[in-house]
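Shown below: protein26.cif, with mmCIF, C-alpha atoms.
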data_work
#
loop_
_atom_site.label_atom_id
_atom_site.label_comp_id
_atom_site.auth_asym_id
_atom_site.auth_seq_id
_atom_site.Cartn_x
_atom_site.Cartn_y
_atom_site.Cartn_z
CA MET A 1 145.43 -79.19 -75.93
CA GLU A 2 148.47 -81.39 -75.29
CA ASP A 3 147.16 -84.43 -77.04
CA THR A 4 145.86 -83.17 -80.37
CA GLY A 5 144.96 -86.62 -81.61
CA HIS A 6 142.66 -87.12 -78.67
CA ASN A 7 141.12 -83.72 -79.15
CA HIS A 8 140.37 -84.46 -82.74
CA MET A 9 138.48 -87.55 -81.71
CA ASP A 10 136.54 -85.60 -79.15
CA LYS A 11 135.49 -83.13 -81.79
CA THR A 12 134.25 -85.87 -84.07
CA THR A 13 132.31 -87.45 -81.27
CA SER A 14 130.80 -84.19 -80.16
CA ARG A 15 129.81 -83.31 -83.73
CA ASP A 16 128.13 -86.70 -84.10
CA GLU A 17 126.40 -86.26 -80.79
CA GLU A 18 125.32 -82.79 -81.73
CA LEU A 19 123.88 -84.07 -84.97
CA ALA A 20 122.09 -86.88 -83.18
CA GLU A 21 120.74 -84.38 -80.69
CA GLN A 22 119.53 -82.10 -83.47
CA ARG A 23 117.83 -84.99 -85.19
CA ARG A 24 116.23 -85.94 -81.95
CA LEU A 25 115.01 -82.41 -81.35
CA ALA A 26 113.62 -82.12 -84.86
CA GLY A 27 111.84 -85.45 -84.59
CA GLU A 28 110.37 -84.77 -81.21
CA TYR A 29 109.41 -81.19 -81.81
CA VAL A 30 106.51 -80.26 -79.58
CA PRO A 31 104.92 -76.86 -80.25
CA ALA A 32 104.78 -74.54 -77.26
CA TYR A 33 101.98 -75.31 -74.85
CA ASP A 34 101.45 -71.73 -73.78
CA GLY A 35 99.66 -69.03 -75.70
CA LEU A 36 96.33 -69.28 -77.47
CA LEU A 37 94.45 -72.49 -78.12
CA VAL A 38 94.18 -71.42 -81.77
CA SER A 39 96.63 -68.71 -82.84
CA GLN A 40 96.17 -65.95 -85.39
CA LYS A 41 97.48 -66.72 -88.86
CA LEU A 42 101.27 -66.75 -88.70
CA SER A 43 103.82 -66.85 -91.49
CA THR A 44 105.05 -70.35 -92.29
CA GLU A 45 108.53 -68.81 -92.37
CA LEU A 46 108.33 -69.31 -88.59
CA ILE A 47 108.11 -73.06 -89.05
CA HIS A 48 111.16 -72.96 -91.30
CA GLU A 49 113.01 -70.94 -88.67
CA GLU A 50 112.14 -73.49 -85.99
CA TYR A 51 114.18 -76.04 -87.91
CA ALA A 52 117.05 -73.69 -88.86
CA THR A 53 119.47 -75.70 -86.77
CA GLY A 54 117.59 -78.97 -87.14
CA ASP A 55 117.61 -81.95 -89.43
CA ILE A 56 118.37 -81.06 -93.06
CA ALA A 57 115.30 -83.01 -94.23
CA TYR A 58 113.11 -80.68 -92.19
CA GLN A 59 114.98 -77.60 -93.40
CA VAL A 60 114.33 -78.49 -97.02
CA LYS A 61 110.71 -79.49 -96.50
CA THR A 62 109.82 -76.46 -94.39
CA SER A 63 111.47 -74.18 -96.93
CA ASN A 64 109.35 -75.68 -99.70
CA LEU A 65 106.28 -75.67 -97.49
CA SER A 66 106.33 -71.89 -97.18
CA LYS A 67 106.41 -71.53 -100.97
CA ASP A 68 102.99 -73.15 -101.34
CA PHE A 69 101.48 -72.46 -97.93
CA GLY A 70 102.01 -68.92 -96.74
CA PHE A 71 100.30 -69.07 -93.37
CA PHE A 72 99.49 -71.43 -90.56
CA ARG A 73 97.69 -71.36 -87.24
CA LYS A 74 99.45 -72.81 -84.26
CA ILE A 75 97.09 -75.14 -82.40
CA ARG A 76 97.79 -75.89 -78.77
CA GLY A 77 99.19 -79.39 -78.33
CA ASP A 78 97.20 -80.50 -75.30
CA GLY A 79 95.92 -83.78 -76.71
CA ASN A 80 92.99 -82.05 -78.42
CA CYS A 81 94.93 -80.40 -81.25
CA GLY A 82 93.59 -82.59 -84.07
CA PHE A 83 89.96 -82.21 -82.98
CA ARG A 84 90.44 -78.48 -82.46
CA ALA A 85 92.13 -78.01 -85.85
CA PHE A 86 89.43 -79.93 -87.70
CA TYR A 87 86.47 -78.25 -86.00
CA PHE A 88 87.91 -74.72 -86.25
CA GLY A 89 89.06 -75.37 -89.82
CA LEU A 90 85.64 -76.63 -90.91
CA LEU A 91 83.77 -73.59 -89.61
CA GLU A 92 86.44 -71.22 -90.87
CA VAL A 93 86.20 -72.61 -94.40
CA LEU A 94 82.40 -72.33 -94.31
CA ILE A 95 82.63 -68.72 -93.12
CA GLU A 96 85.23 -67.85 -95.78
CA LEU A 97 82.84 -69.12 -98.46
CA GLY A 98 80.64 -66.22 -97.40
CA ASP A 99 77.26 -67.92 -97.71
CA GLU A 100 75.05 -67.87 -94.63
CA ASN A 101 73.11 -70.86 -95.95
CA LEU A 102 76.20 -73.03 -95.65
CA LEU A 103 76.35 -72.27 -91.93
CA LYS A 104 72.64 -73.00 -91.60
CA ALA A 105 73.12 -76.30 -93.43
CA GLN A 106 76.00 -77.16 -91.13
CA LYS A 107 73.83 -76.50 -88.09
CA THR A 108 71.22 -78.88 -89.52
CA ARG A 109 73.93 -81.46 -90.18
CA PHE A 110 75.11 -81.24 -86.57
CA ASN A 111 71.58 -81.67 -85.33
CA GLU A 112 71.16 -84.74 -87.51
CA VAL A 113 74.30 -86.39 -86.22
CA ASN A 114 73.30 -85.52 -82.65
CA GLY A 115 70.90 -88.42 -83.15
CA LEU A 116 73.95 -90.59 -82.44
CA LEU A 117 73.95 -89.30 -78.87
CA VAL A 118 70.21 -89.81 -78.48
CA ARG A 119 70.42 -93.36 -79.84
CA SER A 120 73.38 -94.20 -77.57
CA GLY A 121 70.99 -94.45 -74.64
CA VAL A 122 73.23 -92.24 -72.52
CA ASP A 123 71.20 -89.87 -70.35
CA SER A 124 70.79 -86.49 -72.03
CA ILE A 125 72.02 -84.64 -68.94
CA ILE A 126 75.45 -86.02 -69.80
CA TRP A 127 75.65 -84.55 -73.31
CA GLU A 128 73.12 -81.71 -73.56
CA ASP A 129 75.72 -79.06 -72.64
CA TRP A 130 78.00 -80.18 -75.46
CA VAL A 131 75.21 -80.10 -78.01
CA GLU A 132 74.17 -76.70 -76.77
CA ALA A 133 77.73 -75.35 -77.10
CA THR A 134 77.79 -76.20 -80.79
CA ASN A 135 74.27 -74.84 -81.36
CA ARG A 136 75.12 -71.63 -79.58
CA LEU A 137 78.25 -71.10 -81.65
CA LEU A 138 76.47 -71.79 -84.94
CA ASN A 139 73.58 -69.52 -83.99
CA LEU A 140 76.06 -66.78 -83.19
CA LEU A 141 77.88 -67.24 -86.49
CA ILE A 142 74.61 -67.23 -88.43
CA SER A 143 73.28 -64.12 -86.72
CA THR A 144 76.58 -62.27 -87.19
CA LYS A 145 76.39 -60.56 -90.54
CA HIS A 146 79.91 -59.86 -91.75
CA LYS A 147 82.60 -62.34 -92.60
CA GLU A 148 85.28 -60.62 -90.53
CA GLU A 149 83.01 -60.46 -87.49
CA ARG A 150 82.14 -64.12 -87.91
CA LEU A 151 85.79 -65.07 -88.05
CA GLU A 152 86.39 -63.01 -84.93
CA ALA A 153 83.51 -64.75 -83.12
CA LEU A 154 84.86 -68.16 -84.15
CA PHE A 155 88.34 -67.23 -82.97
CA THR A 156 87.00 -66.02 -79.62
CA ALA A 157 84.88 -69.11 -79.09
CA PHE A 158 87.72 -71.53 -79.78
CA ASN A 159 90.10 -69.64 -77.53
CA ASN A 160 87.73 -69.40 -74.58
CA GLU A 161 89.19 -71.38 -71.70
CA ASP A 162 87.59 -69.40 -68.91
CA ASP A 163 86.13 -71.79 -66.35
CA MET A 164 83.73 -69.07 -65.24
CA SER A 165 82.29 -68.74 -68.71
CA ASP A 166 79.23 -70.48 -70.08
CA GLU A 167 81.00 -70.93 -73.39
CA HIS A 168 84.18 -72.82 -72.65
CA SER A 169 85.74 -74.14 -75.85
CA ARG A 170 86.30 -77.60 -74.39
CA GLU A 171 82.54 -78.25 -74.62
CA LEU A 172 82.81 -77.95 -78.40
CA LEU A 173 85.69 -80.40 -78.54
CA THR A 174 84.04 -82.88 -76.19
CA HIS A 175 80.97 -82.72 -78.42
CA LEU A 176 83.04 -83.52 -81.52
CA ARG A 177 84.95 -86.28 -79.74
CA PHE A 178 81.77 -88.10 -78.65
CA LEU A 179 80.09 -87.66 -82.03
CA ILE A 180 83.11 -89.32 -83.62
CA SER A 181 83.12 -92.13 -81.08
CA TYR A 182 79.39 -92.88 -81.48
CA HIS A 183 79.59 -92.58 -85.25
CA ILE A 184 82.32 -95.23 -85.30
CA LYS A 185 80.35 -97.44 -82.90
CA GLU A 186 77.28 -97.18 -85.10
CA ASN A 187 79.26 -98.04 -88.24
CA PRO A 188 81.71 -100.72 -87.07
CA GLU A 189 81.98 -102.37 -90.51
CA GLN A 190 83.37 -99.19 -91.97
CA TYR A 191 86.10 -98.73 -89.38
CA LYS A 192 86.98 -102.04 -87.75
CA HIS A 193 89.79 -102.85 -90.18
CA PHE A 194 91.56 -99.61 -89.34
CA VAL A 195 91.58 -99.61 -85.54
CA PRO A 196 94.18 -101.45 -83.42
CA ASP A 197 93.34 -105.16 -83.08
CA GLY A 198 90.07 -104.51 -84.88
CA SER A 199 88.53 -103.55 -81.55
CA ILE A 200 86.00 -100.76 -82.00
CA ASP A 201 85.16 -100.89 -78.29
CA ALA A 202 88.73 -100.37 -77.12
CA TYR A 203 89.32 -97.66 -79.71
CA CYS A 204 86.19 -95.71 -78.78
CA SER A 205 86.72 -96.09 -75.04
CA SER A 206 90.13 -94.58 -75.47
CA LEU A 207 88.65 -91.71 -77.52
CA GLU A 208 86.09 -91.09 -74.79
CA THR A 209 88.57 -90.89 -71.93
CA VAL A 210 89.71 -87.66 -73.65
CA SER A 211 93.30 -88.83 -73.55
CA ALA A 212 93.47 -90.17 -77.10
CA GLU A 213 94.65 -87.77 -79.77
CA MET A 214 93.13 -87.55 -83.21
CA ASP A 215 94.43 -90.06 -85.73
CA GLU A 216 93.48 -90.91 -89.30
CA VAL A 217 90.56 -93.09 -88.20
CA SER A 218 88.93 -90.37 -86.12
CA LEU A 219 89.71 -87.75 -88.75
CA THR A 220 88.07 -89.93 -91.40
CA ALA A 221 85.05 -90.38 -89.16
CA ALA A 222 84.82 -86.62 -88.55
CA HIS A 223 85.06 -86.01 -92.30
CA ASN A 224 82.43 -88.62 -93.18
CA MET A 225 80.07 -87.17 -90.62
CA LEU A 226 80.56 -83.43 -90.88
CA SER A 227 82.62 -82.10 -93.78
CA SER A 228 82.22 -84.50 -96.68
CA ALA A 229 78.52 -83.85 -97.23
CA ALA A 230 79.19 -80.12 -97.02
CA GLY A 231 81.48 -80.42 -100.01
CA ILE A 232 84.48 -79.62 -97.84
CA ASN A 233 87.63 -81.59 -98.42
CA ILE A 234 90.41 -82.35 -95.97
CA GLU A 235 94.04 -82.29 -96.94
CA VAL A 236 96.78 -83.31 -94.53
CA LEU A 237 100.35 -82.19 -95.10
CA TYR A 238 102.72 -84.66 -93.47
CA LEU A 239 105.90 -82.99 -92.32
CA ASP A 240 108.23 -85.78 -91.24
CA ARG A 241 111.54 -87.37 -92.13
CA SER A 242 110.18 -89.44 -95.02
CA ILE A 243 111.93 -89.32 -98.39
CA GLY A 244 111.32 -86.26 -100.55
CA ASN A 245 111.84 -82.51 -100.58
CA SER A 246 108.25 -81.55 -99.87
CA VAL A 247 105.62 -82.43 -97.32
CA THR A 248 103.63 -85.52 -98.24
CA ARG A 249 100.11 -84.46 -99.18
CA HIS A 250 97.08 -86.63 -98.63
CA LYS A 251 93.52 -85.73 -99.51
CA TRP A 252 90.26 -87.10 -98.17
CA GLU A 253 87.76 -86.71 -100.98
CA PRO A 254 84.31 -85.29 -100.31
CA GLU A 255 81.27 -87.33 -101.29
CA LYS A 256 79.92 -84.43 -103.31
CA GLU A 257 81.42 -83.91 -106.73
CA LYS A 258 81.75 -80.23 -106.22
CA VAL A 259 84.46 -79.30 -103.75
CA ARG A 260 83.58 -76.01 -102.13
CA GLY A 261 86.58 -75.64 -99.88
CA VAL A 262 89.50 -77.41 -98.24
CA ILE A 263 90.60 -77.72 -94.62
CA THR A 264 94.39 -78.02 -94.70
CA MET A 265 95.97 -79.62 -91.67
CA LEU A 266 99.70 -79.65 -91.12
CA PHE A 267 100.76 -82.83 -89.36
CA ARG A 268 104.01 -83.32 -87.52
CA PRO A 269 104.36 -86.60 -85.60
CA GLY A 270 101.98 -86.22 -82.67
CA HIS A 271 100.65 -82.80 -83.62
CA TYR A 272 98.20 -81.03 -85.95
CA ASP A 273 98.20 -77.36 -86.96
CA LEU A 274 96.18 -75.60 -89.66
CA ALA A 275 97.81 -74.38 -92.88
CA TYR A 276 96.66 -72.01 -95.62
CA PRO A 277 97.69 -72.29 -99.28
CA ARG A 278 98.94 -69.31 -101.25
CA GLU A 279 96.48 -68.27 -103.93
CA ASN A 280 98.61 -69.41 -106.86
CA ALA A 281 99.75 -72.63 -105.18
CA PRO A 282 99.19 -75.89 -107.06
CA SER A 283 96.42 -77.99 -105.54
CA MET B 1 84.41 -68.72 -54.31
CA ALA B 2 85.07 -70.16 -57.74
CA ASN B 3 81.87 -71.28 -59.35
CA PRO B 4 82.77 -72.55 -62.79
CA ALA B 5 79.56 -72.36 -64.72
CA LEU B 6 79.74 -75.54 -66.76
CA ALA B 7 80.85 -77.90 -64.04
CA SER B 8 78.23 -76.62 -61.64
CA ARG B 9 75.50 -76.83 -64.25
CA ARG B 10 76.33 -80.44 -64.94
CA LEU B 11 76.57 -81.25 -61.22
CA PHE B 12 73.23 -79.62 -60.60
CA SER B 13 71.62 -81.71 -63.38
CA GLU B 14 73.12 -84.86 -61.94
CA PHE B 15 71.94 -83.98 -58.46
CA LYS B 16 68.41 -83.36 -59.73
CA ALA B 17 68.37 -86.70 -61.56
CA LEU B 18 69.78 -88.56 -58.55
CA SER B 19 67.15 -87.05 -56.26
CA THR B 20 64.18 -87.83 -58.51
CA ASP B 21 65.28 -91.33 -59.41
CA PRO B 22 67.88 -92.57 -56.94
CA PRO B 23 69.44 -96.01 -57.44
CA ALA B 24 68.62 -98.51 -54.69
CA GLY B 25 70.70 -98.04 -51.58
CA ILE B 26 72.26 -94.73 -52.56
CA VAL B 27 71.64 -91.17 -51.42
CA ALA B 28 73.95 -88.39 -52.59
CA GLY B 29 74.03 -84.63 -52.93
CA PRO B 30 75.90 -81.42 -52.17
CA VAL B 31 76.77 -80.89 -48.52
CA SER B 32 75.52 -77.31 -48.62
CA GLU B 33 73.70 -75.01 -51.01
CA ASP B 34 76.76 -72.77 -51.31
CA ASP B 35 79.11 -75.40 -52.61
CA ILE B 36 78.01 -77.70 -55.42
CA PHE B 37 81.60 -79.07 -55.63
CA THR B 38 81.51 -81.01 -52.36
CA TRP B 39 79.05 -83.87 -52.04
CA GLU B 40 78.18 -86.35 -49.37
CA ALA B 41 77.10 -89.86 -50.31
CA PHE B 42 75.47 -92.55 -48.23
CA ILE B 43 75.71 -96.13 -49.40
CA GLU B 44 73.72 -98.92 -47.83
CA GLY B 45 75.76 -102.05 -47.17
CA ALA B 46 74.56 -104.66 -49.68
CA GLU B 47 72.92 -107.86 -48.55
CA GLY B 48 75.19 -110.86 -48.44
CA THR B 49 78.27 -108.72 -47.85
CA PRO B 50 79.93 -107.97 -44.52
CA PHE B 51 78.66 -104.40 -45.00
CA GLU B 52 75.03 -105.59 -44.70
CA GLY B 53 72.99 -103.59 -42.22
CA GLY B 54 75.47 -100.72 -42.25
CA VAL B 55 75.51 -97.32 -43.88
CA LEU B 56 78.76 -96.06 -45.37
CA CYS B 57 79.37 -92.37 -45.65
CA ALA B 58 81.72 -90.77 -48.16
CA GLU B 59 82.72 -87.34 -49.37
CA LEU B 60 83.13 -86.52 -53.06
CA VAL B 61 85.13 -83.49 -54.13
CA PHE B 62 84.76 -82.34 -57.75
CA PRO B 63 87.39 -80.46 -59.78
CA LYS B 64 86.62 -77.20 -61.60
CA ASP B 65 86.82 -78.94 -64.97
CA TYR B 66 84.36 -81.69 -64.06
CA PRO B 67 83.24 -83.77 -65.99
CA LEU B 68 86.49 -83.65 -67.94
CA SER B 69 88.33 -84.79 -64.81
CA PRO B 70 86.86 -87.09 -62.17
CA PRO B 71 86.13 -86.25 -58.52
CA THR B 72 87.95 -87.79 -55.58
CA MET B 73 86.01 -89.95 -53.16
CA LYS B 74 86.86 -90.53 -49.52
CA PHE B 75 85.03 -92.65 -46.95
CA THR B 76 84.43 -90.73 -43.74
CA ALA B 77 82.49 -93.41 -41.85
CA PRO B 78 83.37 -96.01 -40.91
CA ASN B 79 86.82 -94.54 -40.63
CA PRO B 80 89.02 -96.40 -41.22
CA LEU B 81 87.10 -98.57 -43.65
CA PHE B 82 89.02 -101.83 -43.98
CA HIS B 83 88.99 -102.73 -47.67
CA PRO B 84 91.66 -103.73 -50.22
CA ASN B 85 90.79 -100.81 -52.54
CA ILE B 86 90.45 -98.09 -49.94
CA TYR B 87 93.52 -96.36 -48.55
CA PRO B 88 93.83 -96.30 -44.77
CA ASN B 89 92.87 -92.58 -44.91
CA GLY B 90 89.56 -93.45 -46.57
CA LEU B 91 90.46 -92.46 -50.14
CA VAL B 92 88.87 -94.76 -52.73
CA CYS B 93 91.17 -96.25 -55.37
CA ILE B 94 89.08 -97.48 -58.28
CA SER B 95 89.71 -97.28 -62.01
CA ILE B 96 86.61 -95.17 -62.79
CA LEU B 97 88.11 -92.41 -60.62
CA HIS B 98 91.42 -92.39 -62.47
CA PRO B 99 91.93 -89.27 -64.58
CA PRO B 100 92.08 -89.65 -68.38
CA GLY B 101 95.43 -90.84 -69.60
CA ASP B 102 96.54 -91.73 -66.12
CA ASP B 103 97.09 -95.45 -66.15
CA PRO B 104 99.62 -96.38 -63.49
CA HIS B 105 98.62 -100.01 -63.83
CA GLN B 106 99.00 -100.82 -67.49
CA TYR B 107 96.35 -103.51 -67.36
CA GLU B 108 93.45 -101.11 -66.89
CA HIS B 109 91.16 -100.89 -69.88
CA ALA B 110 90.21 -97.44 -71.07
CA SER B 111 86.57 -98.45 -70.75
CA GLU B 112 87.01 -98.70 -66.98
CA ARG B 113 88.61 -95.29 -66.59
CA TRP B 114 87.07 -91.88 -66.15
CA SER B 115 85.43 -90.22 -69.13
CA PRO B 116 82.94 -87.32 -69.30
CA ILE B 117 80.26 -89.86 -70.14
CA GLN B 118 80.56 -91.29 -66.62
CA SER B 119 78.57 -89.76 -63.77
CA VAL B 120 78.26 -89.61 -60.00
CA GLU B 121 75.69 -92.38 -60.22
CA LYS B 122 78.08 -94.62 -62.18
CA ILE B 123 80.85 -93.95 -59.66
CA LEU B 124 78.65 -94.87 -56.71
CA LEU B 125 77.41 -98.03 -58.43
CA SER B 126 81.02 -99.01 -59.21
CA VAL B 127 82.00 -98.40 -55.61
CA MET B 128 79.07 -100.54 -54.44
CA SER B 129 80.26 -103.46 -56.53
CA MET B 130 83.85 -102.84 -55.47
CA LEU B 131 82.74 -103.15 -51.84
CA ALA B 132 81.19 -106.53 -52.58
CA GLU B 133 83.99 -107.71 -54.83
CA PRO B 134 87.40 -106.24 -54.01
CA ASN B 135 90.14 -106.20 -56.63
CA ASP B 136 93.26 -107.42 -54.90
CA GLU B 137 95.60 -106.95 -57.88
CA SER B 138 96.58 -103.40 -57.02
CA PRO B 139 95.58 -102.96 -53.40
CA ALA B 140 95.43 -99.54 -51.79
CA ASN B 141 95.42 -101.29 -48.43
CA VAL B 142 97.90 -104.18 -48.56
CA GLU B 143 96.98 -105.53 -45.14
CA ALA B 144 93.29 -105.69 -46.06
CA ALA B 145 94.10 -107.33 -49.39
CA LYS B 146 96.25 -109.95 -47.71
CA MET B 147 93.63 -110.75 -45.08
CA TRP B 148 90.82 -110.78 -47.66
CA ARG B 149 92.80 -113.26 -49.75
CA GLU B 150 94.16 -115.46 -46.98
CA ASN B 151 91.64 -115.30 -44.17
CA ARG B 152 88.24 -114.27 -45.53
CA LYS B 153 86.43 -115.05 -42.28
CA MET B 154 88.69 -112.83 -40.21
CA TYR B 155 88.39 -110.05 -42.83
CA GLU B 156 84.60 -110.19 -42.82
CA GLU B 157 84.42 -110.15 -39.05
CA ARG B 158 86.64 -107.09 -38.88
CA VAL B 159 84.52 -105.27 -41.48
CA ARG B 160 81.30 -106.18 -39.64
CA ARG B 161 82.76 -104.82 -36.42
CA GLU B 162 83.80 -101.55 -38.04
CA VAL B 163 80.49 -101.09 -39.80
CA LYS B 164 78.62 -101.61 -36.52
CA GLY B 165 81.02 -99.28 -34.73
CA ALA B 166 80.22 -96.53 -37.22
CA LEU B 167 76.52 -96.92 -36.46
CA GLY B 168 77.31 -96.48 -32.76
CA LEU B 169 76.12 -99.99 -31.86
#
Encoding of this model in structure tokens:
Amino acid sequence: MEDTGHNHMDKTTSRDEELAEQRRLAGEYVPAYDGLLVSQKLSTELIHEEYATGDIAYQVKTSNLSKDFGFFRKIRGDGNCGFRAFYFGLLEVLIELGDENLLKAQKTRFNEVNGLLVRSGVDSIIWEDWVEATNRLLNLLISTKHKEERLEALFTAFNNEDDMSDEHSRELLTHLRFLISYHIKENPEQYKHFVPDGSIDAYCSSLETVSAEMDEVSLTAAHNMLSSAAGINIEVLYLDRSIGNSVTRHKWEPEKEKVRGVITMLFRPGHYDLAYPRENAPS
Amino acid sequence: MANPALASRRLFSEFKALSTDPPAGIVAGPVSEDDIFTWEAFIEGAEGTPFEGGVLCAELVFPKDYPLSPPTMKFTAPNPLFHPNIYPNGLVCISILHPPGDDPHQYEHASERWSPIQSVEKILLSVMSMLAEPNDESPANVEAAKMWRENRKMYEERVRREVKGALGL
């Protein structure tokens, strides 16, 4: 307190440091690892609150986000979040549409793309459990008669991480991961310009070691294979420090003219969650 | 005892396939009926290698989340097994056994690392070729790597001796 001039400088430095620290925290935000693999729907106000002391860009964007998107589901960030968000989101949208035939059609679509695994030449004992996990879940959803019960069954299936169980959710995600990898390998022309160094082999090997997270290439592949033909669109909301007061929105268009539903994924650098628009929100 | 359903189902399928159509020079399976997570593997020493005429014995221990994570593999006979990629305690150090995302040596390609599409058979075949052609870039046994590189004859003689010793000759 004796040297006020010095103190003043200290304050400036510490405020700068604090600001830098806050920016760092906001930029490197990693959602909690604990809890459910897919949470219940939570208010997006929670996301805004997470950034209450963070970067102003995030404060503004998260505030605007909750105006248009009232709810979100927290997806566990264990390296599978993007795959989990897409797969859960796809089935959830189909269930919400309330037509059993859409679920039946999706089961058929899965069984068609399973041809990728057969054609890969890899022994069926390697992948039959993954295929069965998806079939079992779709059969369960089809045979369950009410929307709410279907949603409950979906929620339970995706949150099952019991090693003793026959229906561990990781089988579903491994299935999706390998379908994506083999789809890209079978259609190299479509994807080679978008993967690092143009190497489909390196990209797919990395996907298959289950360490690679979802990116736009694998999301595009998943969409082309599984959601596009169902008339389901994907929209990604990018929440980052880019210029603007709102999240950056990017849509993958479905191949069918009629869009039946939309899977909305909220992306923060390194992480995907699911988001849900308010009814009157602009699309 | 923990008996995670999925991992054991997959291991059982692999065991069945390995028993009906075993690759040349390899026999592998669970040590006992009660524990599908611990296997014993016998590998015939390949012709033209210093392991020729010998039988190598190893133990594989599988994690509960197999095939998401790889097993560990440890040679039990000969013990020690003198090889650049085998630790003095018998533990095998080979890229196919490295867990996903774990790349201590940046030069490893993802295609060489563990993935659920790999299998016990693939591991054993990789180990067979590793025995014939050591990788001395990241040795688990520095002494063996040095001798293999600098004095191949001495290395091969030592291996032959150990392999014979294990057979009780």
(request) Go through the shown structure with the PyMOL selection byres ((chain A) within 9 of (chain B)) and write out the matching residues as a ChimeraX atom specification. (result) /A:122,125-127,129,162-168,170-171,174,178,201-212
(request) For Gly165 (chain B), list every protein, DNA or RNA residue within 10 Å, evaluated using all atoms listed in the file, and leave out those in the same chain fewer than 2 positions away; present the list as number ranges by chain. (result) B: 54, 77-79, 159-163, 167-169
(request) Just give me the gap between CA of Pro196 (chain A) and CA of Lys251 (chain A) in Å, one decimal is fine. (result)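 Taking CA of Pro196 (chain A) and CA of Lys251 (chain A), their separation equals 22.5 Å.
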(request) Report the distance between CA of Gly29 (chain B) and CA of Phe62 (chain B) in Å, rounded to one decimal place. (result)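 Computing the Euclidean distance for CA of Gly29 (chain B) and CA of Phe62 (chain B) yields 12.0 Å.
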What do you get, as a PDB file with C-alpha atoms, keeping the file's coordinate frame, if you spell out every residue that the PyMOL selection byres ((chain A and resi 272) around 6) selects here?
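Writing the result to selection-v5.pdb gives the following:
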ATOM      1  CA  CYS A  81      94.930 -80.400 -81.250  1.00  0.00           C
ATOM      2  CA  GLY A  82      93.590 -82.590 -84.070  1.00  0.00           C
ATOM      3  CA  LEU A 266      99.700 -79.650 -91.120  1.00  0.00           C
ATOM      4  CA  PHE A 267     100.760 -82.830 -89.360  1.00  0.00           C
ATOM      5  CA  HIS A 271     100.650 -82.800 -83.620  1.00  0.00           C
ATOM      6  CA  ASP A 273      98.200 -77.360 -86.960  1.00  0.00           C
TER       7      ASP A 273
END
(request) List, as a PyMOL selection string, every residue that the PyMOL selection byres ((chain A and resi 37-40) around 12) selects in the file provided. (result) chain A and resi 31-36+41-43+71-89+92+151-152+154-162+168-170+173+272-276
(request) For CA of Arg241 (chain A) and CA of Ile263 (chain A), quote the distance in Å rounded to one decimal. (result)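 Going from CA of Arg241 (chain A) over to CA of Ile263 (chain A) covers 23.2 Å.
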Determine, counting all atoms listed in the file, which protein, DNA and RNA residues have an atom within 8 Å of an atom of Lys147 (chain A); residues of the same chain fewer than 6 positions away are not included. Present the result as an mmCIF file with C-alpha atoms, in the frame of the given file.
data_model
loop_
_atom_site.group_PDB
_atom_site.id
_atom_site.type_symbol
_atom_site.label_atom_id
_atom_site.label_comp_id
_atom_site.auth_asym_id
_atom_site.auth_seq_id
_atom_site.Cartn_x
_atom_site.Cartn_y
_atom_site.Cartn_z
ATOM 1 C CA ILE A 95 82.630 -68.720 -93.120
ATOM 2 C CA GLU A 96 85.230 -67.850 -95.780
ATOM 3 C CA GLY A 98 80.640 -66.220 -97.400
#
(request) Determine the nearest neighbour of Glu156 (chain B) from the options B:Thr49, B:Ser19, B:Ser95, B:Asn135, counting all atoms listed in the file. (result) B:Thr49
(message) Distance cut-off 9 Å, centre (86.0, -102.8, -52.6) in file coordinates, counting all atoms listed in the file: which residues qualify? Return them as number ranges by chain.
(response) B: 83-86, 92-94, 127-136
(message) From the options B:Tyr87, B:Phe75, B:Tyr66, B:Trp148, which residue's atoms come nearest to Glu40 (chain B), counting all atoms listed in the file?
(response) B:Phe75
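The shortest atom-to-atom distance to Tyr155 (chain B), with only C-alpha atoms taken into account, belongs to B:Phe82 out of B:Asn89, B:Pro70, B:Thr76, B:Phe82.
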(message) Please return as a PyMOL selection string every residue within 12 Å of (78.9, -72.7, -87.4), taking into account all atoms listed in the file and the file's own coordinates.
(response) chain A and resi 87-96+99-111+133-144+150-151+153-155+157-158+172+226-227
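Minimum atom-to-atom distances from A:Asn280, A:Glu189, A:Lys145, A:Trp252 to Glu216 (chain A) were compared using only C-alpha atoms, and the lowest value belongs to A:Trp252.
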When you write region 45-61 of chain B out from the block above, keep C-alpha atoms and present the result as a compact mmCIF listing (two decimals), in the first residue's frame, please.
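This is the output file part-v7.txt:
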# COMPACT_ATOMS: atom_id res chain seq x y z
CA GLY B 45 8.86 -70.31 -34.38
CA ALA B 46 8.84 -69.50 -38.11
CA GLU B 47 11.25 -71.16 -40.48
CA GLY B 48 14.30 -69.13 -41.35
CA THR B 49 14.19 -67.25 -38.05
CA PRO B 50 16.19 -68.00 -34.92
CA PHE B 51 12.87 -69.07 -33.37
CA GLU B 52 12.62 -72.02 -35.81
CA GLY B 53 11.91 -75.32 -34.11
CA GLY B 54 10.69 -73.62 -30.96
CA VAL B 55 7.28 -72.94 -29.50
CA LEU B 56 6.64 -69.60 -27.84
CA CYS B 57 4.02 -69.31 -25.18
CA ALA B 58 2.21 -66.10 -24.29
CA GLU B 59 -0.64 -64.92 -22.11
CA LEU B 60 -3.27 -62.46 -23.35
CA VAL B 61 -5.39 -60.53 -20.88
